[in-house]
$ cat run_11.txt   # compact mmCIF, C-alpha atoms and all ligand atoms
# COMPACT_ATOMS: atom_id res chain seq x y z
CA MET A 1 -32.75 -7.67 -26.17
CA ASN A 2 -29.24 -6.43 -25.60
CA ASN A 3 -27.29 -8.76 -27.85
CA ASN A 4 -23.97 -7.84 -26.33
CA GLY A 5 -24.38 -9.45 -22.96
CA LEU A 6 -22.68 -12.74 -22.18
CA ILE A 7 -25.04 -15.71 -22.08
CA VAL A 8 -23.99 -19.18 -20.94
CA TYR A 9 -25.79 -22.32 -22.10
CA ILE A 10 -25.61 -25.77 -20.57
CA ILE A 11 -27.01 -28.25 -23.06
CA GLY A 12 -27.02 -32.01 -23.44
CA THR A 13 -29.10 -35.08 -22.88
CA THR A 14 -31.28 -35.99 -19.95
CA ALA A 15 -29.28 -37.29 -16.97
CA ALA A 16 -25.97 -35.87 -18.12
CA GLY A 17 -25.32 -33.71 -15.06
CA LYS A 18 -26.52 -30.37 -16.45
CA THR A 19 -28.07 -29.34 -13.13
CA ASN A 20 -25.02 -30.40 -11.18
CA LEU A 21 -22.76 -28.37 -13.45
CA SER A 22 -25.06 -25.36 -13.36
CA LEU A 23 -24.77 -25.20 -9.58
CA ASN A 24 -20.98 -25.34 -9.69
CA LEU A 25 -19.62 -22.83 -12.17
CA GLY A 26 -17.37 -21.29 -9.57
CA ILE A 27 -17.67 -17.52 -9.73
CA ASP A 28 -20.74 -16.28 -7.89
CA ASN A 29 -22.11 -13.90 -10.53
CA TYR A 30 -24.91 -15.76 -12.26
CA GLU A 31 -28.48 -17.02 -12.01
CA ILE A 32 -30.07 -20.00 -13.72
CA ILE A 33 -32.86 -19.98 -16.29
CA SER A 34 -34.37 -23.40 -16.88
CA CYS A 35 -35.05 -24.28 -20.52
CA ASP A 36 -37.34 -27.22 -20.11
CA SER A 37 -40.83 -27.52 -21.52
CA MET A 38 -42.00 -29.66 -18.59
CA GLN A 39 -40.52 -27.73 -15.72
CA ILE A 40 -42.67 -24.74 -16.64
CA TYR A 41 -45.62 -26.52 -14.96
CA LYS A 42 -46.34 -26.15 -11.27
CA ASP A 43 -46.89 -29.32 -9.23
CA ALA A 44 -45.01 -31.49 -11.70
CA ASN A 45 -41.71 -31.61 -9.87
CA ILE A 46 -40.31 -35.08 -9.46
CA MET A 47 -40.89 -36.63 -12.87
CA THR A 48 -39.69 -33.45 -14.57
CA ALA A 49 -36.45 -33.53 -12.56
CA LYS A 50 -37.02 -29.94 -11.50
CA ALA A 51 -34.38 -28.39 -9.29
CA THR A 52 -35.18 -29.26 -5.69
CA ALA A 53 -35.82 -26.66 -3.00
CA GLU A 54 -32.25 -27.15 -1.75
CA GLU A 55 -30.82 -26.69 -5.23
CA GLN A 56 -32.89 -23.56 -5.69
CA GLN A 57 -31.41 -22.23 -2.48
CA ILE A 58 -27.88 -22.74 -3.72
CA ARG A 59 -28.61 -20.75 -6.86
CA LYS A 60 -31.59 -18.71 -7.94
CA HIS A 61 -33.69 -20.47 -10.62
CA HIS A 62 -36.03 -18.91 -13.16
CA GLY A 63 -38.20 -20.39 -15.87
CA ILE A 64 -39.84 -22.96 -13.62
CA ASP A 65 -43.43 -23.04 -12.30
CA LEU A 66 -44.60 -20.55 -14.88
CA LEU A 67 -47.95 -22.25 -15.52
CA ASP A 68 -50.71 -24.08 -13.75
CA LEU A 69 -50.81 -27.77 -14.42
CA ASP A 70 -53.98 -27.50 -16.50
CA SER A 71 -52.82 -24.60 -18.69
CA GLU A 72 -53.00 -25.15 -22.39
CA GLY A 73 -51.73 -23.68 -25.58
CA PHE A 74 -48.46 -22.31 -24.26
CA ASN A 75 -46.01 -22.02 -27.12
CA ARG A 76 -42.37 -21.38 -27.79
CA LYS A 77 -42.92 -17.77 -28.74
CA GLN A 78 -44.46 -17.03 -25.36
CA TRP A 79 -41.64 -18.88 -23.64
CA LYS A 80 -39.10 -16.91 -25.65
CA ASN A 81 -40.67 -13.57 -24.69
CA ILE A 82 -40.67 -14.43 -21.00
CA THR A 83 -37.10 -15.67 -21.17
CA ILE A 84 -35.74 -12.68 -23.05
CA GLN A 85 -37.32 -10.43 -20.46
CA LYS A 86 -35.66 -12.44 -17.72
CA ILE A 87 -32.29 -12.32 -19.46
CA GLU A 88 -32.54 -8.53 -19.73
CA GLU A 89 -33.54 -8.24 -16.11
CA LEU A 90 -30.56 -10.32 -14.94
CA GLN A 91 -28.13 -8.48 -17.18
CA SER A 92 -29.35 -5.13 -15.91
CA LYS A 93 -28.51 -6.33 -12.40
CA GLY A 94 -25.02 -7.31 -13.53
CA LYS A 95 -25.79 -11.05 -13.38
CA ILE A 96 -24.89 -13.55 -16.05
CA PRO A 97 -27.83 -15.65 -17.26
CA VAL A 98 -27.01 -19.35 -17.39
CA LEU A 99 -29.57 -21.17 -19.54
CA VAL A 100 -29.85 -24.83 -18.61
CA GLY A 101 -32.04 -27.46 -20.14
CA GLY A 102 -32.73 -30.26 -22.50
CA THR A 103 -35.52 -28.63 -24.51
CA HIS A 104 -33.28 -27.57 -27.30
CA TYR A 105 -36.27 -26.32 -29.22
CA TYR A 106 -36.49 -23.61 -26.57
CA ILE A 107 -32.77 -22.97 -26.39
CA GLU A 108 -32.41 -22.35 -30.08
CA SER A 109 -35.00 -19.58 -29.95
CA ILE A 110 -32.56 -17.63 -27.77
CA LEU A 111 -29.28 -18.80 -29.28
CA PHE A 112 -30.32 -18.05 -32.85
CA ASN A 113 -31.99 -15.07 -34.37
CA GLN A 114 -35.18 -16.47 -35.78
CA GLU A 115 -37.27 -13.32 -35.95
CA ASN A 116 -38.12 -13.66 -39.61
CA GLU A 117 -39.02 -17.28 -39.35
CA GLU A 118 -41.40 -16.72 -36.48
CA ASN A 119 -43.10 -13.54 -37.59
CA GLN A 120 -43.90 -14.65 -41.06
CA VAL A 121 -45.06 -18.18 -40.60
CA VAL A 122 -48.45 -18.78 -42.17
CA GLN A 123 -50.89 -20.19 -39.66
CA GLU A 124 -52.63 -23.51 -40.24
CA ALA A 125 -56.00 -21.80 -40.64
CA GLU A 126 -54.63 -19.54 -43.37
CA LEU A 127 -53.28 -22.43 -45.36
CA ASN A 128 -55.30 -22.73 -48.54
CA LEU A 129 -54.40 -25.69 -50.72
CA ASN A 130 -57.28 -25.21 -53.17
CA GLY A 131 -58.65 -28.62 -52.30
CA LYS A 132 -55.41 -30.42 -53.18
CA GLU A 133 -53.63 -32.99 -51.09
CA PRO A 134 -50.58 -31.39 -49.42
CA TYR A 135 -48.22 -33.70 -51.29
CA GLU A 136 -49.69 -32.78 -54.68
CA TYR A 137 -49.63 -29.12 -53.79
CA LEU A 138 -45.96 -29.20 -52.77
CA LYS A 139 -45.09 -31.20 -55.87
CA GLN A 140 -46.43 -28.37 -57.98
CA ILE A 141 -44.34 -25.66 -56.34
CA ASP A 142 -41.23 -27.66 -55.50
CA PRO A 143 -40.98 -31.22 -56.89
CA LEU A 144 -37.51 -31.68 -55.43
CA ALA A 145 -38.73 -31.08 -51.91
CA THR A 146 -41.40 -33.77 -52.19
CA GLU A 147 -38.69 -36.38 -52.65
CA LYS A 148 -37.73 -35.89 -49.05
CA PHE A 149 -41.11 -36.79 -47.58
CA HIS A 150 -43.50 -39.64 -47.47
CA PRO A 151 -46.72 -38.60 -49.27
CA ASN A 152 -48.72 -39.21 -46.10
CA ASP A 153 -46.47 -37.14 -43.90
CA HIS A 154 -48.98 -34.28 -44.01
CA ARG A 155 -47.63 -32.38 -41.07
CA ARG A 156 -44.10 -32.00 -42.37
CA ILE A 157 -45.26 -31.38 -45.92
CA LYS A 158 -47.60 -28.65 -44.72
CA ASN A 159 -44.71 -27.05 -42.87
CA GLN A 160 -42.78 -26.90 -46.14
CA ILE A 161 -45.73 -25.25 -47.87
CA LYS A 162 -46.11 -22.77 -45.04
CA TYR A 163 -42.46 -21.95 -45.34
CA PHE A 164 -42.84 -21.29 -49.06
CA LEU A 165 -45.92 -19.13 -48.62
CA SER A 166 -44.23 -17.17 -45.81
CA THR A 167 -40.85 -16.55 -47.35
CA GLY A 168 -41.32 -17.08 -51.06
CA GLN A 169 -38.28 -19.37 -50.99
CA LEU A 170 -38.30 -22.93 -52.24
CA PRO A 171 -38.27 -25.43 -49.38
CA SER A 172 -35.64 -27.56 -51.11
CA GLU A 173 -33.26 -24.61 -51.02
CA GLN A 174 -33.93 -24.11 -47.38
CA LEU A 175 -33.34 -27.78 -46.62
CA ASP A 176 -30.09 -27.49 -48.45
CA HIS A 177 -28.82 -24.34 -46.78
CA HIS A 178 -29.66 -25.24 -43.29
CA SER A 179 -27.13 -22.84 -41.84
CA GLU A 180 -29.16 -19.84 -42.91
CA PHE A 181 -31.47 -20.74 -40.10
CA CYS A 182 -28.60 -20.83 -37.69
CA GLN A 183 -27.89 -17.13 -37.54
CA LEU A 184 -26.39 -16.69 -34.12
CA ARG A 185 -27.89 -13.86 -32.18
CA SER A 186 -24.53 -12.75 -30.85
CA ASN A 187 -20.93 -13.91 -30.50
CA ASN A 188 -20.92 -13.33 -26.77
CA PHE A 189 -21.85 -16.78 -25.64
CA LEU A 190 -20.41 -19.90 -24.11
CA ILE A 191 -21.85 -23.39 -24.36
CA PHE A 192 -21.10 -26.34 -22.12
CA TRP A 193 -22.06 -29.79 -23.29
CA PRO A 194 -21.54 -32.38 -20.55
CA LYS A 195 -21.85 -35.85 -22.03
CA TRP A 196 -21.45 -39.45 -20.91
CA LYS A 197 -18.55 -40.98 -22.78
CA LYS A 198 -20.40 -44.25 -23.26
CA ASN A 199 -24.04 -44.48 -24.20
CA GLU A 200 -24.39 -47.69 -22.12
CA ASP A 201 -23.48 -45.71 -19.04
CA LEU A 202 -26.04 -43.06 -19.89
CA LYS A 203 -28.65 -45.80 -20.11
CA ILE A 204 -27.64 -47.20 -16.73
CA LYS A 205 -27.94 -43.72 -15.26
CA VAL A 206 -31.31 -43.06 -16.90
CA THR A 207 -32.65 -46.38 -15.62
CA GLN A 208 -31.41 -45.77 -12.12
CA ARG A 209 -32.75 -42.23 -12.08
CA ILE A 210 -36.21 -43.21 -13.25
CA HIS A 211 -36.48 -45.88 -10.57
CA GLU A 212 -35.32 -43.38 -7.96
CA MET A 213 -37.87 -40.81 -9.11
CA LEU A 214 -40.70 -43.34 -8.93
CA ASP A 215 -39.61 -44.55 -5.50
CA GLN A 216 -39.19 -41.09 -4.09
CA GLY A 217 -42.66 -39.69 -4.63
CA GLY A 218 -42.87 -39.93 -8.41
CA THR A 219 -45.57 -42.59 -8.48
CA GLU A 220 -47.78 -40.52 -6.22
CA GLU A 221 -47.11 -37.44 -8.31
CA ILE A 222 -48.09 -39.25 -11.51
CA LEU A 223 -51.42 -40.33 -9.98
CA ARG A 224 -52.03 -36.81 -8.70
CA VAL A 225 -51.26 -35.21 -12.06
CA PHE A 226 -53.60 -37.60 -13.90
CA GLU A 227 -56.27 -37.02 -11.27
CA ARG A 228 -56.03 -33.25 -11.66
CA LEU A 229 -56.18 -33.42 -15.42
CA GLN A 230 -58.66 -36.21 -15.93
CA ASN A 231 -61.61 -33.90 -16.34
CA ASN A 232 -59.68 -31.66 -18.63
CA GLN A 233 -61.30 -31.59 -22.04
CA ASN A 234 -58.06 -31.01 -23.82
CA LYS A 235 -55.89 -33.75 -22.36
CA VAL A 236 -53.62 -33.80 -25.39
CA GLY A 237 -51.90 -30.56 -24.47
CA GLY A 238 -49.57 -29.77 -21.64
CA VAL A 239 -47.85 -31.99 -19.21
CA LEU A 240 -49.66 -35.26 -19.94
CA GLN A 241 -48.16 -35.23 -23.37
CA SER A 242 -44.64 -35.12 -22.11
CA ILE A 243 -42.18 -37.82 -21.31
CA GLY A 244 -42.58 -38.77 -17.68
CA TYR A 245 -46.36 -38.97 -17.42
CA ARG A 246 -47.95 -40.28 -20.59
CA GLN A 247 -46.12 -43.59 -20.20
CA PHE A 248 -48.24 -44.29 -17.12
CA ASP A 249 -51.79 -43.81 -18.39
CA LYS A 250 -52.57 -47.51 -17.93
CA VAL A 251 -51.39 -47.35 -14.33
CA TYR A 252 -53.79 -44.52 -13.63
CA GLN A 253 -56.65 -46.20 -15.47
CA TYR A 254 -56.23 -49.34 -13.41
CA TYR A 255 -55.85 -47.31 -10.22
CA LYS A 256 -59.20 -45.59 -10.86
CA GLU A 257 -61.04 -48.72 -11.89
CA SER A 258 -59.79 -50.84 -9.03
CA GLY A 259 -60.51 -48.22 -6.36
CA LEU A 260 -57.08 -48.67 -4.78
CA GLN A 261 -55.80 -46.07 -2.33
CA PHE A 262 -52.13 -45.22 -2.73
CA PRO A 263 -49.81 -46.38 -1.18
CA ASN A 264 -51.93 -49.51 -0.70
CA VAL A 265 -51.62 -51.05 -4.12
CA ASP A 266 -51.71 -54.57 -5.48
CA GLU A 267 -49.54 -56.74 -7.64
CA LYS A 268 -51.26 -55.76 -10.85
CA PHE A 269 -50.64 -52.08 -10.10
CA ASN A 270 -46.95 -52.75 -9.55
CA GLU A 271 -46.79 -54.75 -12.73
CA LEU A 272 -48.29 -51.91 -14.77
CA LEU A 273 -45.99 -49.48 -13.02
CA LYS A 274 -43.03 -51.58 -14.02
CA GLU A 275 -44.21 -51.61 -17.63
CA GLY A 276 -44.63 -47.85 -17.53
CA ALA A 277 -41.12 -47.43 -16.14
CA GLU A 278 -39.71 -49.58 -18.92
CA LYS A 279 -41.57 -47.54 -21.51
CA LEU A 280 -40.26 -44.38 -19.91
CA ILE A 281 -36.68 -45.64 -20.02
CA ASN A 282 -37.04 -46.47 -23.71
CA ASP A 283 -38.71 -43.17 -24.59
CA THR A 284 -36.11 -41.25 -22.63
CA MET A 285 -33.27 -43.01 -24.44
CA GLY A 286 -34.97 -42.25 -27.75
CA TYR A 287 -35.24 -38.65 -26.69
CA THR A 288 -31.55 -38.44 -25.78
CA LYS A 289 -30.72 -39.50 -29.33
CA LYS A 290 -32.82 -36.63 -30.64
CA GLN A 291 -31.15 -34.25 -28.23
CA ILE A 292 -27.71 -35.18 -29.53
CA GLN A 293 -28.93 -34.95 -33.11
CA TRP A 294 -30.12 -31.45 -32.38
CA ILE A 295 -26.75 -30.38 -31.07
CA LYS A 296 -25.05 -31.79 -34.13
CA ASN A 297 -27.56 -30.52 -36.66
CA ARG A 298 -28.43 -27.17 -35.27
CA ILE A 299 -25.33 -25.99 -33.47
CA LEU A 300 -22.45 -27.71 -35.19
CA CYS A 301 -24.05 -27.13 -38.58
CA ASN A 302 -23.33 -23.45 -38.19
CA SER A 303 -21.35 -22.28 -41.15
CA LYS A 304 -18.85 -20.43 -39.01
CA ILE A 305 -17.04 -23.51 -37.81
CA ASP A 306 -14.22 -21.58 -36.21
CA LEU A 307 -16.62 -19.48 -34.22
CA ILE A 308 -18.55 -22.39 -32.75
CA ALA A 309 -15.37 -24.37 -32.14
CA ASN A 310 -14.21 -21.60 -29.84
CA ARG A 311 -17.39 -21.27 -27.85
CA LEU A 312 -18.78 -24.76 -27.47
CA PHE A 313 -17.10 -27.13 -25.05
CA LEU A 314 -17.86 -30.81 -25.05
CA LEU A 315 -17.03 -32.15 -21.61
CA GLU A 316 -17.09 -35.93 -21.68
CA PHE A 317 -17.07 -37.93 -18.50
CA GLU A 318 -16.77 -41.59 -17.63
CA SER A 319 -18.60 -41.88 -14.34
CA ILE A 320 -20.24 -39.99 -11.50
CA GLN A 321 -16.93 -40.30 -9.65
CA THR A 322 -15.00 -38.51 -12.39
CA PHE A 323 -17.67 -35.87 -13.10
CA LYS A 324 -15.96 -33.28 -10.94
CA GLU A 325 -12.56 -33.78 -12.49
CA GLN A 326 -13.76 -34.16 -16.09
CA VAL A 327 -16.61 -31.64 -16.16
CA ILE A 328 -16.78 -29.26 -13.24
CA VAL A 329 -13.11 -28.36 -12.92
CA PRO A 330 -12.56 -27.62 -16.63
CA ALA A 331 -15.91 -25.80 -16.85
CA GLN A 332 -14.91 -23.56 -13.97
CA LYS A 333 -11.66 -22.69 -15.72
CA ILE A 334 -13.42 -21.95 -18.97
CA TYR A 335 -16.17 -19.98 -17.29
CA SER A 336 -13.78 -17.76 -15.42
CA LEU A 337 -11.76 -17.23 -18.60
CA PHE A 338 -14.88 -16.24 -20.54
CA CYS A 339 -16.01 -13.84 -17.83
CA GLN A 340 -12.60 -12.20 -17.99
CA LEU A 341 -12.54 -12.05 -21.79
CA PHE A 342 -16.04 -10.66 -21.80
CA GLN A 343 -15.03 -7.90 -19.43
CA GLU A 344 -12.08 -7.09 -21.66
CA ASP A 345 -14.53 -6.95 -24.56
CA LYS A 346 -12.72 -9.63 -26.55
CA LEU A 347 -15.46 -12.17 -27.14
CA GLY A 348 -17.45 -10.32 -29.78
CA ASP A 349 -14.56 -10.78 -32.20
CA GLU A 350 -15.18 -13.63 -34.58
CA LEU A 351 -11.49 -14.28 -34.93
CA PHE A 352 -11.02 -14.77 -31.23
CA ASN A 353 -9.35 -18.12 -30.79
CA ILE A 354 -9.49 -20.17 -27.64
CA SER A 355 -6.67 -22.55 -28.51
CA GLN A 356 -4.16 -19.78 -28.11
CA LEU A 357 -5.22 -19.34 -24.58
CA ASN A 358 -4.28 -21.21 -21.51
CA LEU A 359 -6.62 -24.17 -21.29
CA GLN A 360 -4.25 -26.96 -20.42
CA ASN A 361 -5.68 -30.44 -20.21
CA ILE A 362 -9.01 -29.37 -21.62
CA THR A 363 -10.03 -31.02 -24.85
CA ILE A 364 -11.98 -28.71 -27.06
CA ILE A 365 -14.14 -29.50 -30.04
CA THR A 366 -11.82 -28.85 -32.93
CA PRO A 367 -12.87 -27.49 -36.30
CA ASP A 368 -11.85 -30.90 -37.72
CA MET A 369 -14.30 -32.70 -35.49
CA ILE A 370 -17.06 -30.34 -36.59
CA LYS A 371 -16.15 -30.92 -40.22
CA LYS A 372 -16.51 -34.64 -39.63
CA TYR A 373 -19.94 -34.18 -38.06
CA LYS A 374 -20.91 -32.05 -40.99
CA GLN A 375 -19.86 -34.70 -43.46
CA THR A 376 -22.15 -37.20 -41.76
CA GLN A 377 -24.95 -34.70 -41.95
CA ASN A 378 -24.24 -34.12 -45.63
CA LEU A 379 -24.98 -37.77 -46.27
CA LYS A 380 -28.54 -36.79 -45.68
CA SER A 381 -28.48 -33.84 -48.02
CA ARG A 382 -30.71 -33.50 -51.01
CA GLN A 383 -28.50 -35.17 -53.60
CA ASN A 384 -29.18 -38.25 -51.56
CA TRP A 385 -32.91 -38.11 -51.18
CA LYS A 386 -33.47 -40.99 -53.57
CA LYS A 387 -36.09 -43.30 -52.20
CA GLN A 388 -35.71 -47.00 -51.64
CA VAL A 389 -38.33 -49.46 -50.45
CA CYS A 390 -37.52 -52.41 -48.22
CA GLU A 391 -40.16 -54.86 -49.35
CA LEU A 392 -39.50 -57.17 -46.47
CA CYS A 393 -40.47 -54.51 -43.95
CA ASN A 394 -42.75 -52.55 -46.24
CA LYS A 395 -40.88 -49.38 -45.42
CA THR A 396 -39.86 -46.45 -47.60
CA MET A 397 -36.54 -44.82 -46.86
CA ASN A 398 -35.10 -41.51 -48.00
CA GLY A 399 -31.49 -41.48 -49.07
CA PRO A 400 -28.46 -43.66 -48.30
CA PHE A 401 -28.23 -42.60 -44.69
CA GLU A 402 -31.72 -43.82 -43.82
CA ILE A 403 -31.25 -46.89 -45.99
CA GLU A 404 -28.03 -47.79 -44.21
CA GLN A 405 -29.64 -47.19 -40.83
CA HIS A 406 -32.61 -49.33 -41.76
CA PHE A 407 -30.59 -52.35 -42.84
CA LYS A 408 -28.67 -52.15 -39.59
CA SER A 409 -31.85 -51.82 -37.53
CA ARG A 410 -33.21 -54.47 -35.18
CA PHE A 411 -36.59 -54.18 -36.86
CA HIS A 412 -35.16 -55.15 -40.23
CA ARG A 413 -32.98 -57.94 -38.86
CA ILE A 414 -35.91 -59.48 -37.02
CA ASN A 415 -37.96 -59.45 -40.20
CA LEU A 416 -35.04 -60.97 -42.02
CA LEU A 417 -34.81 -63.76 -39.48
CA LYS A 418 -38.54 -64.42 -39.62
CA ASP A 419 -38.36 -64.54 -43.39
CA GLU A 420 -35.49 -67.03 -43.33
CA GLN A 421 -37.41 -69.29 -40.96
CA TYR A 422 -40.48 -68.99 -43.14
CA GLN A 423 -38.52 -69.92 -46.25
CA LYS A 424 -37.01 -72.96 -44.50
CA LYS A 425 -40.42 -74.16 -43.34
CA LYS A 426 -41.75 -73.69 -46.80
CA GLN A 427 -38.89 -75.74 -48.24
CA LYS A 428 -39.62 -78.57 -45.85
CA ILE A 429 -43.27 -78.61 -46.76
CA ASP A 430 -42.50 -78.46 -50.46
ZN ZN B 1 -36.29 -53.91 -43.91

$ encode --input "run_11.txt" --output "structure tokens"
Amino acid sequence: MNNNGLIVYIIGTTAAGKTNLSLNLGIDNYEIISCDSMQIYKDANIMTAKATAEEQQIRKHHGIDLLDLDSEGFNRKQWKNITIQKIEELQSKGKIPVLVGGTHYYIESILFNQENEENQVVQEAELNLNGKEPYEYLKQIDPLATEKFHPNDHRRIKNQIKYFLSTGQLPSEQLDHHSEFCQLRSNNFLIFWPKWKKNEDLKIKVTQRIHEMLDQGGTEEILRVFERLQNNQNKVGGVLQSIGYRQFDKVYQYYKESGLQFPNVDEKFNELLKEGAEKLINDTMGYTKKQIQWIKNRILCNSKIDLIANRLFLLEFESIQTFKEQVIVPAQKIYSLFCQLFQEDKLGDELFNISQLNLQNITIITPDMIKKYKQTQNLKSRQNWKKQVCELCNKTMNGPFEIEQHFKSRFHRINLLKDEQYQKKKQKID
């Protein structure tokens, strides 16, 4: 891949206006590549929030409808190869690739240079633990690293062992020097991060959007997708595993058993549908938290703070009404500036500094803000992996960050309340 071309990324949570922004960057010199692990499937359109036919007419989209609904075993490496090919193709035509999506796991395979990591990873089948439990095995090679994991967390522990066997480096060192994994592929990039200012507003939007999707063909699509995949031996893979479908398995089950014919459904069907929608809203909100964590951990963690501060733009907005003014207008200014700077061959320079340039009224992520994020992340670093058990909840936590989070959590407070009531009752009886 030609690492000198300009690549634009639009990242952020679900329902934060990424598609809207991607269609409105101003200069007509780009095409869109979707970075979404669900939109790669054909016939799963509504619940995946795929660009509509009209949107695809406004701007050419790639990276969607790559696979049949019942395809299995597609992985990130394959996605990366297809995408890099597409990026090269667009660049050779003089177009700027704009990568848009919420599957940050995909995005980072383009943004960062992860060749070594991917080529050398030991496969599961090659993993030989000499009959030991993964936890015991890891303890032998790297006792410090075991402190970070629960002994039964086999999957993550195995990943640490694979990392050691592949690279010869101690996992605890890797966990400590996270930024080594964040080797940017090139300096010629621009990232937009549209974000709701208030999380409550994001939740309102997510809720509204999910209900709209279900009302506008989504319910039918869910039933169709389940129907198509019901005879599939390997139901665990692919689209049924993703947010948007798996929350509705009970709806489909009931639909089959009851012999209903959509759209003629009964009360029970609607009830289950409502439950599914609620589950979907919760899962989606949980996912948005992970998406933001990824941006903070993987992008802002980059050791070259000044570099990322000059290429990543957080565009916060308050409402749909202010989206144009708070996101689109500044993004257009920045985009046109970057296109110009790229043409003048100024972007590759690490010392290039955006704040000297004319970006009036546009707040940028400052190095200070990144430092603050980093400090929060450091709370979780290995000096702080000490374990603590909450006996009330029977839960083991790693480090002060998790401990603090746990004591603030609803789960813990409910248990606390129950315990208080129990103690009171007990007192009365005594
Ligand atoms: Zn607790």

$ residues_near_ligand --input "run_11.txt" --ligand "ligand ZN 1 (chain B)" --cutoff "9 Å" --atoms "only C-alpha atoms and all ligand atoms" --output "PDB file with C-alpha atoms, in the coordinates of the input"
ATOM      1  CA  VAL A 389     -38.330 -49.460 -50.450  1.00  0.00           C
ATOM      2  CA  CYS A 390     -37.520 -52.410 -48.220  1.00  0.00           C
ATOM      3  CA  GLU A 391     -40.160 -54.860 -49.350  1.00  0.00           C
ATOM      4  CA  LEU A 392     -39.500 -57.170 -46.470  1.00  0.00           C
ATOM      5  CA  CYS A 393     -40.470 -54.510 -43.950  1.00  0.00           C
ATOM      6  CA  ASN A 394     -42.750 -52.550 -46.240  1.00  0.00           C
ATOM      7  CA  LYS A 395     -40.880 -49.380 -45.420  1.00  0.00           C
ATOM      8  CA  ILE A 403     -31.250 -46.890 -45.990  1.00  0.00           C
ATOM      9  CA  HIS A 406     -32.610 -49.330 -41.760  1.00  0.00           C
ATOM     10  CA  PHE A 407     -30.590 -52.350 -42.840  1.00  0.00           C
ATOM     11  CA  LYS A 408     -28.670 -52.150 -39.590  1.00  0.00           C
ATOM     12  CA  SER A 409     -31.850 -51.820 -37.530  1.00  0.00           C
ATOM     13  CA  PHE A 411     -36.590 -54.180 -36.860  1.00  0.00           C
ATOM     14  CA  HIS A 412     -35.160 -55.150 -40.230  1.00  0.00           C
ATOM     15  CA  ARG A 413     -32.980 -57.940 -38.860  1.00  0.00           C
ATOM     16  CA  ILE A 414     -35.910 -59.480 -37.020  1.00  0.00           C
ATOM     17  CA  ASN A 415     -37.960 -59.450 -40.200  1.00  0.00           C
ATOM     18  CA  LEU A 416     -35.040 -60.970 -42.020  1.00  0.00           C
TER      19      LEU A 416
END

$ closest_residue --input "run_11.txt" --among "A:Met285, A:Ile328, A:Leu214, A:Leu337" --to "Asp201 of chain A" --atoms "all atoms listed in the file"
A:Met285

$ atom_distance --input "run_11.txt" --atom1 "atom CA of Thr83 of chain A" --atom2 "atom CA of Tyr30 of chain A"
15.1 Å

$ closest_residue --input "run_11.txt" --among "A:Ser92, A:Asn152, A:Ser172, A:Asn188" --to "Tyr9 of chain A" --atoms "only C-alpha atoms"
A:Asn188

$ atom_distance --input "run_11.txt" --atom1 "atom CA of Gln332 of chain A" --atom2 "atom CA of Leu347 of chain A"
17.4 Å

$ closest_residue --input "run_11.txt" --among "A:Ile292, A:Leu69, A:Val251, A:Leu260" --to "Leu272 of chain A" --atoms "all atoms listed in the file"
A:Val251

$ residues_around --input "run_11.txt" --residues "Ile295 of chain A" --least-positions-apart "4" --cutoff "10 Å" --atoms "all atoms listed in the file" --output "VMD selection string"
chain A and resid 11 to 13 104 108 193 290 to 291 299 to 301

$ write_last_selection --input "run_11.txt" --atoms "C-alpha atoms" --output "PDB file, in the coordinates of the input"
ATOM      1  CA  ILE A  11     -27.010 -28.250 -23.060  1.00  0.00           C
ATOM      2  CA  GLY A  12     -27.020 -32.010 -23.440  1.00  0.00           C
ATOM      3  CA  THR A  13     -29.100 -35.080 -22.880  1.00  0.00           C
ATOM      4  CA  HIS A 104     -33.280 -27.570 -27.300  1.00  0.00           C
ATOM      5  CA  GLU A 108     -32.410 -22.350 -30.080  1.00  0.00           C
ATOM      6  CA  TRP A 193     -22.060 -29.790 -23.290  1.00  0.00           C
ATOM      7  CA  LYS A 290     -32.820 -36.630 -30.640  1.00  0.00           C
ATOM      8  CA  GLN A 291     -31.150 -34.250 -28.230  1.00  0.00           C
ATOM      9  CA  ILE A 299     -25.330 -25.990 -33.470  1.00  0.00           C
ATOM     10  CA  LEU A 300     -22.450 -27.710 -35.190  1.00  0.00           C
ATOM     11  CA  CYS A 301     -24.050 -27.130 -38.580  1.00  0.00           C
TER      12      CYS A 301
END

$ closest_residue --input "run_11.txt" --among "A:Thr284, A:Trp196, A:Ile157, A:Lys86" --to "Phe323 of chain A" --atoms "all atoms listed in the file"
A:Trp196

$ closest_residue --input "run_11.txt" --among "A:Pro171, A:Pro263, A:Gly131, A:Pro97" --to "Ala145 of chain A" --atoms "all atoms listed in the file"
A:Pro171

$ atom_distance --input "run_11.txt" --atom1 "atom CA of Asn24 of chain A" --atom2 "atom CA of Pro330 of chain A"
11.1 Å

$ residues_around --input "run_11.txt" --residues "segment 34-39 of chain A" --least-positions-apart "4" --cutoff "8 Å" --atoms "all atoms listed in the file" --output "list in words"
Ala44, Asn45, Thr48, Ala49, Lys50, His61, His62, Gly63, Ile64, Asp65, Leu99, Val100, Gly101, Gly102, Thr103, His104, Tyr106, Ile107, Val239 and Ser242 of chain A

$ closest_residue --input "run_11.txt" --among "A:Glu212, A:Glu136, A:Asp70, A:Asp368" --to "Gly238 of chain A" --atoms "only C-alpha atoms"
A:Asp70

$ residues_around --input "run_11.txt" --residues "Ile320 of chain A" --least-positions-apart "4" --cutoff "12 Å" --atoms "all atoms listed in the file" --output "ChimeraX atom specification"
/A:15-17,20,194-197,201-202,204-205,316,324-328
